[in-house]
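Containing compact mmCIF, C-alpha atoms: data-v3.txt.
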```
# COMPACT_ATOMS: atom_id res chain seq x y z
CA MET T 94 0.00 0.00 0.00
CA SER T 95 1.38 3.39 -0.86
CA GLY T 96 0.67 6.64 0.87
CA PRO T 97 -2.02 9.24 0.57
CA GLY T 98 -2.34 11.08 -2.66
CA ALA T 99 -0.30 8.49 -4.52
CA ALA T 100 -3.07 7.56 -6.97
CA GLU T 101 -2.46 9.42 -10.22
CA SER T 102 -5.58 10.27 -12.17
CA GLU T 103 -4.03 8.84 -15.34
CA ASP T 104 -4.04 5.37 -13.79
CA LEU T 105 -7.64 5.41 -12.60
CA ALA T 106 -10.71 4.13 -14.42
CA ALA T 107 -12.92 6.93 -13.11
CA PRO T 108 -12.67 9.98 -10.86
CA LEU T 109 -12.39 9.49 -7.13
CA TYR T 110 -14.18 12.70 -6.31
CA VAL T 111 -16.84 14.71 -8.13
CA ALA T 112 -17.60 18.21 -6.85
CA TRP T 113 -20.97 19.11 -8.31
CA GLN T 114 -22.34 22.65 -8.21
CA ILE T 115 -25.93 21.56 -8.58
CA THR T 116 -27.36 25.08 -8.94
CA ASN T 117 -26.08 28.64 -9.19
CA GLU T 118 -29.14 29.95 -7.36
CA CYS T 119 -28.44 31.27 -3.88
CA ASN T 120 -30.27 33.11 -1.14
CA LEU T 121 -27.08 35.06 -0.35
CA ALA T 122 -24.85 37.31 -2.48
CA CYS T 123 -21.46 36.90 -0.84
CA LEU T 124 -18.73 39.45 -1.55
CA HIS T 125 -16.18 36.78 -2.40
CA CYS T 126 -18.36 34.22 -4.21
CA ILE T 127 -16.26 32.44 -6.83
CA GLU T 128 -19.38 31.31 -8.68
CA GLU T 129 -21.08 34.74 -8.73
CA SER T 130 -24.12 33.03 -7.25
CA GLY T 131 -27.03 34.92 -5.78
CA PRO T 132 -30.79 35.40 -5.86
CA GLY T 133 -32.00 34.93 -9.43
CA LYS T 134 -28.55 33.73 -10.56
CA ALA T 135 -29.52 30.18 -11.55
CA PHE T 136 -28.15 29.37 -15.01
CA ALA T 137 -30.87 29.41 -17.68
CA ASP T 138 -29.69 26.00 -18.85
CA GLU T 139 -29.30 24.12 -15.58
CA LEU T 140 -29.82 20.36 -15.88
CA ASP T 141 -33.42 19.20 -15.56
CA ARG T 142 -34.56 16.34 -13.35
CA ASP T 143 -33.95 13.57 -15.88
CA GLN T 144 -30.52 14.95 -16.78
CA VAL T 145 -29.53 15.29 -13.14
CA PHE T 146 -30.36 11.70 -12.35
CA ALA T 147 -28.74 10.44 -15.55
CA VAL T 148 -25.48 12.11 -14.48
CA LEU T 149 -25.80 10.88 -10.93
CA ASP T 150 -26.42 7.30 -12.03
CA GLN T 151 -23.38 7.38 -14.32
CA LEU T 152 -21.22 8.51 -11.40
CA LEU T 153 -22.62 5.79 -9.15
CA ASP T 154 -22.39 3.09 -11.83
CA SER T 155 -18.69 3.96 -12.16
CA GLU T 156 -18.22 3.67 -8.38
CA VAL T 157 -17.15 7.26 -7.87
CA PRO T 158 -16.68 6.94 -4.11
CA TYR T 159 -17.00 10.56 -3.04
CA LEU T 160 -19.37 13.31 -4.17
CA SER T 161 -20.10 16.79 -2.95
CA PHE T 162 -23.13 18.92 -3.74
CA SER T 163 -22.58 22.65 -3.61
CA GLY T 164 -23.88 25.72 -5.38
CA GLY T 165 -25.05 28.43 -5.13
CA GLU T 166 -27.01 27.05 -2.25
CA PRO T 167 -27.58 23.35 -3.01
CA MET T 168 -30.59 23.05 -0.72
CA LEU T 169 -32.46 25.41 -3.08
CA HIS T 170 -32.25 22.84 -5.88
CA PRO T 171 -35.76 21.49 -6.51
CA HIS T 172 -34.56 17.87 -6.36
CA PHE T 173 -31.96 18.26 -3.63
CA PHE T 174 -33.24 15.63 -1.21
CA ALA T 175 -34.02 13.14 -3.98
CA MET T 176 -30.44 13.52 -5.24
CA VAL T 177 -29.05 13.07 -1.73
CA GLU T 178 -31.18 9.96 -1.28
CA ARG T 179 -30.03 8.45 -4.58
CA ALA T 180 -26.35 9.10 -3.89
CA CYS T 181 -26.45 7.75 -0.35
CA GLU T 182 -28.59 4.70 -1.00
CA ARG T 183 -26.17 3.64 -3.73
CA GLY T 184 -23.24 3.86 -1.37
CA ALA T 185 -21.44 7.08 -2.26
CA GLN T 186 -19.95 9.20 0.46
CA LEU T 187 -21.68 12.55 0.09
CA LYS T 188 -20.73 15.95 1.45
CA ILE T 189 -23.11 18.92 1.32
CA GLU T 190 -21.59 22.41 1.16
CA THR T 191 -24.19 24.88 2.36
CA ASN T 192 -24.68 28.28 3.96
CA ALA T 193 -26.83 26.53 6.60
CA HIS T 194 -29.82 28.86 6.27
CA TYR T 195 -32.15 25.93 5.48
CA LEU T 196 -30.87 23.54 8.13
CA ASP T 197 -33.93 23.54 10.35
CA PRO T 198 -34.31 20.58 12.72
CA ALA T 199 -36.38 18.59 10.23
CA ASN T 200 -33.92 19.02 7.36
CA ALA T 201 -30.94 18.24 9.58
CA ALA T 202 -32.63 15.06 10.78
CA ARG T 203 -33.46 14.13 7.19
CA LEU T 204 -29.82 14.50 6.13
CA LYS T 205 -28.81 12.28 9.03
CA ALA T 206 -31.41 9.67 8.11
CA LEU T 207 -30.26 9.65 4.49
CA GLY T 208 -26.67 9.08 5.60
CA VAL T 209 -24.66 12.04 4.35
CA LYS T 210 -20.98 11.83 5.21
CA ALA T 211 -20.73 15.44 6.33
CA VAL T 212 -22.20 18.89 5.95
CA GLN T 213 -19.75 21.73 5.40
CA VAL T 214 -20.95 25.13 6.50
CA SER T 215 -19.43 28.45 5.48
CA LEU T 216 -18.76 30.63 8.51
CA ASP T 217 -16.75 33.69 7.53
CA GLY T 218 -16.66 35.37 10.88
CA ALA T 219 -17.15 34.91 14.59
CA SER T 220 -19.49 37.88 14.92
CA ILE T 221 -22.59 39.26 13.27
CA ALA T 222 -20.61 42.24 11.98
CA THR T 223 -17.89 40.38 10.07
CA PHE T 224 -20.12 37.54 8.95
CA GLY T 225 -22.73 39.95 7.65
CA ARG T 226 -20.19 42.02 5.77
CA MET T 227 -18.97 39.00 3.80
CA ARG T 228 -22.25 37.12 3.50
CA VAL T 229 -24.60 39.72 2.08
CA ARG T 230 -28.19 38.84 3.09
CA GLY T 231 -26.80 36.23 5.49
CA GLU T 232 -28.04 35.77 9.04
CA PHE T 233 -25.30 34.83 11.49
CA ASP T 234 -27.62 33.50 14.19
CA ARG T 235 -29.52 31.41 11.67
CA VAL T 236 -26.26 29.78 10.59
CA LEU T 237 -25.37 28.97 14.19
CA ASP T 238 -28.84 27.50 14.70
CA GLY T 239 -28.42 25.43 11.55
CA VAL T 240 -25.10 24.02 12.71
CA ARG T 241 -26.55 23.27 16.14
CA ASN T 242 -29.40 21.42 14.41
CA LEU T 243 -26.83 19.31 12.56
CA ARG T 244 -25.09 18.54 15.82
CA GLU T 245 -28.38 17.64 17.48
CA ALA T 246 -29.20 15.31 14.59
CA GLY T 247 -25.76 13.70 14.71
CA VAL T 248 -24.54 14.86 11.30
CA PRO T 249 -20.73 15.29 11.05
CA ILE T 250 -19.91 18.99 10.68
CA GLU T 251 -17.14 20.78 8.81
CA ILE T 252 -16.64 24.54 8.96
CA ASN T 253 -15.15 26.58 6.14
CA PHE T 254 -13.72 30.08 6.58
CA SER T 255 -12.79 32.52 3.80
CA PRO T 256 -10.36 35.22 4.94
CA ALA T 257 -10.78 38.91 4.14
CA SER T 258 -9.15 42.08 5.44
CA PHE T 259 -12.09 42.66 7.78
CA ASN T 260 -12.41 39.18 9.35
CA LEU T 261 -8.77 38.04 9.68
CA HIS T 262 -8.55 39.23 13.27
CA GLU T 263 -11.28 36.76 14.20
CA VAL T 264 -9.48 33.65 13.02
CA ASP T 265 -8.76 32.36 16.54
CA ALA T 266 -12.31 33.05 17.60
CA VAL T 267 -13.84 31.37 14.57
CA VAL T 268 -11.76 28.20 15.07
CA ASP T 269 -12.89 28.16 18.71
CA LEU T 270 -16.48 28.70 17.60
CA ALA T 271 -16.24 25.81 15.11
CA TYR T 272 -15.12 23.52 17.91
CA GLU T 273 -17.85 24.74 20.27
CA LEU T 274 -20.40 24.04 17.54
CA GLY T 275 -19.20 20.45 17.28
CA ALA T 276 -17.21 20.51 14.04
CA TYR T 277 -14.73 17.73 13.43
CA SER T 278 -12.86 19.71 10.73
CA PHE T 279 -12.08 23.33 10.00
CA TYR T 280 -10.92 24.43 6.54
CA THR T 281 -9.46 27.64 5.23
CA GLY T 282 -7.04 28.99 2.64
CA ARG T 283 -6.53 32.08 0.56
CA THR T 284 -9.51 33.92 -0.90
CA MET T 285 -9.29 33.98 -4.67
CA TYR T 286 -9.46 37.03 -6.92
CA THR T 287 -12.29 35.90 -9.16
CA GLY T 288 -16.07 36.01 -9.41
CA ASN T 289 -17.70 38.54 -7.11
CA ALA T 290 -14.36 39.14 -5.37
CA VAL T 291 -13.05 41.07 -8.38
CA LYS T 292 -15.53 43.88 -7.79
CA ALA T 293 -15.15 43.76 -4.01
CA TRP T 294 -11.37 43.30 -3.88
CA ARG T 295 -10.66 46.63 -2.22
CA HIS T 296 -12.76 45.42 0.72
CA LEU T 297 -11.46 41.87 0.73
CA GLU T 298 -7.77 41.98 -0.12
CA VAL T 299 -5.47 40.37 2.40
CA LYS T 300 -1.84 41.51 2.22
CA GLU T 301 0.93 38.94 2.24
CA GLU T 302 2.16 40.02 5.67
CA GLN T 303 -1.37 39.58 7.01
CA TYR T 304 -1.47 36.09 5.56
CA VAL T 305 1.78 35.27 7.36
CA ALA T 306 0.18 36.13 10.70
CA PHE T 307 -3.03 34.34 9.69
CA PHE T 308 -1.24 31.08 8.93
CA ASP T 309 0.86 31.39 12.08
CA ALA T 310 -2.36 31.61 14.06
CA LEU T 311 -3.70 28.55 12.27
CA ARG T 312 -0.55 26.58 13.08
CA ARG T 313 -1.11 27.38 16.75
CA LYS T 314 -4.75 26.36 16.47
CA THR T 315 -3.81 23.12 14.74
CA GLU T 316 -1.74 22.19 17.79
CA GLU T 317 -4.31 23.43 20.27
CA TYR T 318 -7.05 21.25 18.77
CA ARG T 319 -4.95 18.24 17.81
CA GLY T 320 -6.90 15.08 18.53
CA ARG T 321 -10.15 17.00 18.96
CA MET T 322 -10.77 18.85 15.68
CA ARG T 323 -8.71 18.86 12.50
CA VAL T 324 -7.61 22.32 11.38
CA TYR T 325 -6.77 22.26 7.67
CA PHE T 326 -5.33 25.28 5.92
CA HIS T 327 -3.95 25.64 2.46
CA GLU T 328 -1.04 28.01 2.60
CA ALA T 329 0.23 27.71 -0.96
CA GLY T 330 -0.56 30.43 -3.42
CA LEU T 331 -2.61 29.71 -6.51
CA LEU T 332 0.34 29.66 -8.91
CA GLU T 333 2.24 27.13 -6.82
CA GLU T 334 -0.88 24.99 -6.47
CA LEU T 335 -1.63 25.00 -10.21
CA ARG T 336 1.96 24.20 -11.17
CA TYR T 337 1.73 21.18 -8.89
CA ARG T 338 -1.64 20.17 -10.32
CA ILE T 339 -0.32 20.20 -13.87
CA ARG T 340 2.21 17.57 -12.85
CA HIS T 341 -0.19 15.71 -10.54
CA PRO T 342 -3.85 16.27 -11.50
CA ALA T 343 -6.23 15.29 -8.73
CA ALA T 344 -8.78 12.64 -9.70
CA LEU T 345 -11.48 15.26 -9.32
CA LEU T 346 -14.13 16.55 -11.71
CA ILE T 347 -15.89 19.87 -11.17
CA VAL T 348 -19.43 19.70 -12.59
CA LEU T 349 -21.28 22.95 -13.23
CA PRO T 350 -25.07 23.33 -12.89
CA ASN T 351 -25.52 22.99 -16.67
CA GLY T 352 -23.49 19.80 -16.90
CA LEU T 353 -20.27 21.35 -18.17
CA VAL T 354 -17.16 19.91 -16.55
CA LYS T 355 -14.24 22.08 -15.51
CA LEU T 356 -10.66 20.89 -15.36
CA ILE T 357 -10.23 22.53 -11.97
CA ASN T 358 -12.08 25.41 -10.34
CA ALA T 359 -9.16 27.81 -10.62
CA LEU T 360 -8.83 27.48 -14.41
CA PRO T 361 -11.31 28.46 -17.13
CA PHE T 362 -11.00 25.22 -19.11
CA ILE T 363 -13.98 23.01 -19.91
CA CYS T 364 -13.21 19.36 -20.65
CA GLY T 365 -16.67 17.88 -21.07
CA ASP T 366 -20.43 18.29 -21.15
CA PHE T 367 -22.67 15.76 -19.44
CA ARG T 368 -25.59 16.77 -21.70
CA ARG T 369 -23.65 15.29 -24.60
CA ASP T 370 -20.77 13.17 -23.31
CA SER T 371 -20.56 10.05 -21.19
CA LEU T 372 -18.52 9.98 -17.99
CA GLU T 373 -16.06 7.67 -19.74
CA GLN T 374 -15.54 10.21 -22.53
CA ILE T 375 -15.23 13.09 -20.10
CA TRP T 376 -12.76 11.23 -17.91
CA ALA T 377 -10.62 10.36 -20.94
CA ARG T 378 -10.64 14.01 -22.06
CA PHE T 379 -9.91 15.24 -18.54
CA ARG T 380 -6.73 13.17 -18.44
CA THR T 381 -5.43 14.42 -21.78
CA ALA T 382 -6.56 18.00 -21.19
CA TRP T 383 -3.97 18.51 -18.46
CA HIS T 384 -1.31 18.10 -21.17
CA ASP T 385 -2.87 20.77 -23.41
CA PRO T 386 -0.34 23.60 -23.87
CA ARG T 387 -3.10 26.18 -23.32
CA VAL T 388 -3.43 24.95 -19.75
CA ALA T 389 0.26 25.31 -18.96
CA GLY T 390 0.27 28.64 -20.82
CA PHE T 391 -2.57 30.03 -18.70
CA VAL T 392 -0.87 28.93 -15.50
CA GLU T 393 2.44 30.50 -16.45
CA ASP T 394 0.66 33.72 -17.44
CA LEU T 395 -0.47 33.93 -13.83
CA ALA T 396 3.16 34.40 -12.82
CA THR T 397 3.22 37.78 -14.54
CA ASP T 398 -0.47 38.62 -14.32
CA PRO T 399 -2.01 37.15 -11.14
CA GLY T 400 -5.15 39.15 -11.86
CA LYS T 401 -5.88 36.91 -14.82
CA THR T 402 -8.03 34.84 -12.47
CA ARG T 403 -10.73 37.46 -13.07
CA THR T 404 -11.35 35.71 -16.41
CA LEU T 405 -12.12 32.26 -14.98
CA HIS T 406 -15.76 32.56 -16.00
CA GLN T 407 -14.83 33.09 -19.64
CA TRP T 408 -14.85 29.37 -20.33
CA VAL T 409 -12.35 27.89 -22.77
CA TYR T 410 -13.42 24.61 -24.37
CA LEU T 411 -10.61 22.07 -24.78
CA MET G 146 -13.35 -7.00 10.46
CA ARG G 147 -14.59 -4.39 8.00
CA LEU G 148 -13.65 -1.12 6.37
CA THR G 149 -14.50 1.80 8.62
CA GLN G 150 -17.54 3.90 7.89
CA TYR G 151 -15.83 6.57 5.83
CA VAL G 152 -13.52 4.35 3.80
CA LYS G 153 -14.39 3.44 0.21
CA PHE G 154 -12.69 0.79 -1.88
CA ARG G 155 -12.56 0.52 -5.66
CA GLU G 156 -10.75 -2.00 -7.82
CA GLU G 157 -8.53 -0.69 -10.61
CA LYS G 158 -6.43 -2.27 -13.35
CA PHE G 159 -3.30 -1.84 -11.25
CA GLY G 160 -4.98 -3.20 -8.08
CA GLY G 161 -7.21 -0.84 -6.17
CA VAL G 162 -7.63 2.31 -4.14
CA LEU G 163 -8.79 3.01 -0.63
CA PHE G 164 -10.25 6.46 -0.13
CA GLU G 165 -10.56 7.74 3.44
CA THR G 166 -13.16 10.39 2.77
CA ARG G 167 -13.00 12.27 6.09
CA SER G 168 -9.34 13.15 5.69
CA GLU G 169 -9.64 12.87 1.87
CA LYS G 170 -6.57 10.63 1.76
CA VAL G 171 -6.14 8.12 -1.04
CA PHE G 172 -4.11 4.92 -0.72
CA THR G 173 -3.14 2.87 -3.74
CA LEU G 174 -3.12 -0.90 -3.45
CA ASN G 175 -1.12 -3.49 -5.35
CA PRO G 176 -2.93 -6.68 -6.48
CA THR G 177 -2.10 -8.59 -3.28
CA ALA G 178 -3.29 -5.77 -1.04
CA THR G 179 -6.40 -5.47 -3.19
CA ALA G 180 -7.09 -9.18 -2.70
CA VAL G 181 -6.77 -8.73 1.06
CA ILE G 182 -9.22 -5.83 1.08
CA ARG G 183 -11.64 -7.82 -1.05
CA GLU G 184 -11.51 -10.63 1.47
CA ILE G 185 -11.81 -8.47 4.55
CA ALA G 186 -15.57 -8.25 4.40
CA SER G 187 -15.96 -12.03 4.35
CA GLY G 188 -13.40 -13.46 6.73
CA ASP G 189 -11.00 -13.10 9.61
CA GLU G 190 -7.28 -12.57 9.48
CA ALA G 191 -6.36 -16.25 9.52
CA THR G 192 -8.73 -17.30 6.76
CA ILE G 193 -7.66 -14.40 4.57
CA ALA G 194 -4.10 -15.75 4.56
CA THR G 195 -5.35 -19.25 3.79
CA ARG G 196 -7.45 -18.07 0.89
CA LEU G 197 -4.64 -15.95 -0.50
CA LYS G 198 -2.28 -18.93 -0.38
CA ASP G 199 -4.65 -20.65 -2.81
CA ARG G 200 -4.25 -17.76 -5.25
CA PHE G 201 -0.61 -16.69 -4.96
CA VAL G 202 2.63 -18.64 -4.94
CA ASP G 203 3.80 -18.57 -1.31
CA GLN G 204 7.36 -18.85 -0.11
CA GLY G 205 7.35 -20.15 3.44
CA ASP G 206 5.00 -18.11 5.60
CA ALA G 207 5.51 -14.94 3.65
CA ILE G 208 1.84 -14.41 2.85
CA GLU G 209 0.74 -14.85 6.46
CA ARG G 210 3.39 -12.42 7.68
CA GLU G 211 2.59 -9.88 4.99
CA VAL G 212 -1.17 -10.12 5.54
CA SER G 213 -0.71 -9.64 9.29
CA ALA G 214 1.56 -6.65 8.77
CA PHE G 215 -0.79 -5.16 6.18
CA ILE G 216 -3.82 -5.56 8.42
CA ALA G 217 -1.93 -4.00 11.32
CA ASP G 218 -1.05 -1.08 9.05
CA LEU G 219 -4.69 -0.68 8.01
CA ARG G 220 -5.76 -0.66 11.67
CA GLN G 221 -3.09 1.84 12.62
CA ARG G 222 -4.30 4.17 9.87
CA GLY G 223 -7.90 3.76 11.01
CA LEU G 224 -9.00 2.20 7.74
CA ILE G 225 -10.46 -1.02 9.24
CA GLU G 226 -12.22 -1.91 12.46
CA GLY G 227 -13.63 -4.94 14.23
```
Could I get this file's structure written as structure tokens?
Amino acid sequence: MSGPGAAESEDLAAPLYVAWQITNECNLACLHCIEESGPGKAFADELDRDQVFAVLDQLLDSEVPYLSFSGGEPMLHPHFFAMVERACERGAQLKIETNAHYLDPANAARLKALGVKAVQVSLDGASIATFGRMRVRGEFDRVLDGVRNLREAGVPIEINFSPASFNLHEVDAVVDLAYELGAYSFYTGRTMYTGNAVKAWRHLEVKEEQYVAFFDALRRKTEEYRGRMRVYFHEAGLLEELRYRIRHPAALLIVLPNGLVKLINALPFICGDFRRDSLEQIWARFRTAWHDPRVAGFVEDLATDPGKTRTLHQWVYL
Amino acid sequence: MRLTQYVKFREEKFGGVLFETRSEKVFTLNPTATAVIREIASGDEATIATRLKDRFVDQGDAIEREVSAFIADLRQRGLIEG
């Protein structure tokens, strides 16, 4: 047996992980949203019920072991619970990434009964003021209630935190809050300059010296909570991460609400379309697409123009 | 003995993979390790070695030793229980 991360996507018959943005509709309009989601922002061509289940069944037939449903807000998808039920009853490990506004006691209990692996909740602050500044239209107390409902129902909880200039000082407090709420994992990294963040960058931007202090704090928190809650943080910058990914692509597909498949979230390249292509075709194209010179070219352009990430929504079809 | 709740197994041409989905760690398996994992759901440690001896050429007690060490490694990593 070899160690973690040793499986190269080129050797695998199918992806190991599919991150599916099932809708672009959202009840919030977050300053930093990569997907530019928000009220009324569902794609006009999002997959219909038959298409959704056709994709899901292909993933399950191919024994994709791990799926996540995100958005937008995935719980706003009209077939959300039916999709969760299908994925779980066929044995996939399923994570839901949500803003927690719809996690009332009944929905939390339903997710537990269906057998989701975990629910990841975005919590970008330890106070109403910072949370509300990032999560436009968001209700801090409603999120806390939602997470408590998950805990009451026995659903494993993960907390995700996106740093910004105005919430960095709360990093210790938000890690503590995640633990108090019953999370088993806490995730964070660098906020990306793309999507809604491009317009709001002057409010969001975190300077490199601030990131140094931020990651130092996270190292301390990792030790403080060792054995009780995992604190994960991704310190590498985007360029470093993408250079690594070109050499070692993760066995991960990003599926958009309309069935298009992205090579990776931080690149604009599309390598398939579930409305037209089978999973087998998409997986074959995914593996060759990482060798396309346009991919390496885009990544190296980021070395001289980091702001090029603002174009990630201008999809490039490989 | 069984895979723990958050561990998924899939066979591949080269053997197989174990995916620990809570930590999101992936472990690749050679054909022998894959055979052990396949057997884990249906037998105990001793019978796994016996069944593998029927399938692989054994030299002395090598298979028994390797199976024991492999299972201990799986337990230590939290990938199996029971």
TODO: Excluding Ala271 (chain T) and any residue of its chain fewer than 5 positions from it, enumerate the residues within 9 Å of it, using all atoms listed in the file, and give them as a VMD selection string.
DONE: chain T and resid 216 250 to 252 266 276 to 279 322
Which polymer residues have any atom within 8 Å of an atom of Glu101 (chain T), counting only C-alpha atoms, with same-chain residues fewer than 5 positions away left out, as an mmCIF file with C-alpha atoms, in the coordinates of the input?
```cif
data_model
loop_
_atom_site.group_PDB
_atom_site.id
_atom_site.type_symbol
_atom_site.label_atom_id
_atom_site.label_comp_id
_atom_site.auth_asym_id
_atom_site.auth_seq_id
_atom_site.Cartn_x
_atom_site.Cartn_y
_atom_site.Cartn_z
ATOM 1 C CA HIS T 341 -0.190 15.710 -10.540
ATOM 2 C CA PRO T 342 -3.850 16.270 -11.500
ATOM 3 C CA ALA T 343 -6.230 15.290 -8.730
ATOM 4 C CA ALA T 344 -8.780 12.640 -9.700
#
```
TODO: For a cut-off of 9 Å around (-11.3, 0.7, 4.5), file coordinates, pick out all residues using all atoms listed in the file and list them as a PyMOL selection string.
DONE: chain G and resi 147-154+163-165+182+219+223-226
Open item on the list: Within 7 Å of chain T, which residues belong to chain G? Use all atoms listed in the file and report them as a list in words.
Closed with: Lys153, Glu157, Thr166, Lys170, Val171, Phe172, Thr173, Leu174, Asn175 and Ala178 of chain G
Task: Residues near Arg244 (chain T), cut-off 9 Å, only C-alpha atoms, skip fewer than 3 positions along chain, as a PyMOL selection string - done: chain T and resi 201+239-241+247-250+274-276
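Nearest to Ile216 (chain G) of all the residues G:Ile185, G:Pro176, G:Ser168, G:Phe159 is G:Ile185, counting all atoms listed in the file.
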- [ ] Quote the spacing between CA of Ser163 (chain T) and CA of Asn120 (chain T) in Å to one decimal place.
- [x]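 Taking CA of Ser163 (chain T) and CA of Asn120 (chain T), their separation equals 13.2 Å.
Of the listed residues G:Thr195, G:Asp206, G:Ser213, G:Thr177, the one whose atoms come nearest to Glu156 (chain G) is G:Thr177, with distances taken using all atoms listed in the file.
Distances here use all atoms listed in the file; by that measure, the residue among T:Val388, T:Val236, T:Met168, T:Met285 closest to Val214 (chain T) is T:Val236.
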- [ ] Quote the spacing between CA of Val348 (chain T) and CA of Gln144 (chain T) in Å to one decimal place.
- [x]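 CA of Val348 (chain T) sits 12.8 Å away from CA of Gln144 (chain T).
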Open item on the list: I want to know what sits within 9 Å of Gly400 (chain T), based on all atoms listed in the file, with residues of the same chain fewer than 3 positions away left out; could you give that as a ChimeraX atom specification?
Closed with: /T:286-287,291,395,397,403-404
Task: CA of Arg183 (chain T) to CA of Ile115 (chain T), distance in Å rounded to a single decimal - done: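 The value is 18.6 Å.
Nearest residue to Gly208 (chain T) among T:Cys181, T:Leu196, T:Ala310, T:Ile339 is T:Cys181, counting only C-alpha atoms.
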